[in-house]
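Visitor: Could you have a look at this structure, given as structure tokens, before my questions?
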Amino acid sequence: MSAISAYLLLLLAAILEAGGDALVRVGLHQPNIATRATLFTCGGLVLFAYGLAVNAPPWDFGRLLGVYVTLFFVVAQIINLVFFGVRPDLPVLGGGALIVAGGLTITFWQR
């Protein structure tokens, strides 16, 4: 698997995980039990797809985990802003900068 394919798969996994979490979060606040059950089911299916996407390839998961965490953080902040209207505050941006710096270090540090 090429590096670009691996990173795209990690991005897909991050979108699936953050998206599945968001579906469950929305479901928790639904008064209608059928809507809640539907959102929980969809969230569970999306999270299962995340598990398949992130674990199926034969890669050094320990090394790529840092890159994945970076992608997950960025995707989660975008979803939080777009779907929940919550802008990241200064501590989140500061911590996020450290997360992104770590992901870049793991990605580009030559052994």
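Simple scheme: letters A, B, ... for chains in structure tokens order, numbers from 1 for residues in each chain, numbers from 1 for ligands in the order shown.
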Looking only at alpha helix (DSSP H) from DSSP on the backbone, list the matching residues of chain A as number ranges by chain.

Guide: A: 3-28, 33-55, 61-84, 90-108

Visitor: Give me, please, the distance in Å between atom CA of A:Tyr68 and atom CA of A:Leu12, quoted to one decimal.

Guide: 9.9 Å

Visitor: From the set A:Leu104, A:Leu65, A:Ala56, A:Ile15, which residue has the shortest atom-to-atom contact distance to A:Ile78, counting only C-alpha atoms?

Guide: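 Ranking A:Leu104, A:Leu65, A:Ala56, A:Ile15 by distance to A:Ile78, first place goes to A:Ile15.
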
Visitor: Determine, counting only C-alpha atoms, which protein, DNA and RNA residues have an atom within 8 Å of an atom of stretch 88-99 of chain A; residues of the same chain fewer than 5 positions away are not included. Present the result as a PDB file with N, CA and C atoms, in the first residue's frame.

Guide:
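Dumped to part-v8.pdb:
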```pdb
ATOM      1  N   VAL A  69      -4.249   9.950  15.007  1.00  0.00           N
ATOM      2  CA  VAL A  69      -4.742  10.814  16.082  1.00  0.00           C
ATOM      3  C   VAL A  69      -4.797  12.257  15.602  1.00  0.00           C
ATOM      4  N   THR A  70      -3.803  12.668  14.833  1.00  0.00           N
ATOM      5  CA  THR A  70      -3.796  14.020  14.281  1.00  0.00           C
ATOM      6  C   THR A  70      -4.991  14.231  13.358  1.00  0.00           C
ATOM      7  N   PHE A  73      -8.233  14.369  15.362  1.00  0.00           N
ATOM      8  CA  PHE A  73      -8.407  15.650  16.051  1.00  0.00           C
ATOM      9  C   PHE A  73      -8.930  16.715  15.086  1.00  0.00           C
ATOM     10  N   VAL A  74      -8.316  16.827  13.922  1.00  0.00           N
ATOM     11  CA  VAL A  74      -8.724  17.849  12.953  1.00  0.00           C
ATOM     12  C   VAL A  74     -10.152  17.598  12.486  1.00  0.00           C
ATOM     13  N   GLN A  77     -12.708  18.443  15.187  1.00  0.00           N
ATOM     14  CA  GLN A  77     -12.924  19.885  15.357  1.00  0.00           C
ATOM     15  C   GLN A  77     -13.803  20.450  14.242  1.00  0.00           C
ATOM     16  N   LEU A  81     -17.514  22.078  14.804  1.00  0.00           N
ATOM     17  CA  LEU A  81     -17.857  23.420  14.331  1.00  0.00           C
ATOM     18  C   LEU A  81     -19.061  23.387  13.385  1.00  0.00           C
TER      19      LEU A  81
END
```

Visitor: Considering only C-alpha atoms, can you say which of A:Val100, A:Leu9, A:Leu52, A:Ala34 comes closest to A:Gly66?

Guide: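 Answer, going by the shortest atom-to-atom distance: A:Val100.
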
Visitor: Residues at most 12 Å from A:Pro57, counting only C-alpha atoms, excluding those fewer than 6 positions away in the same chain, as a list in words?

Guide: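 In the requested form, the answer reads Met1, Ser2, Ala3, Ser5, Ala6, Tyr7, Leu9, Leu10, Ala13, Gly51 and Leu64 of chain A.
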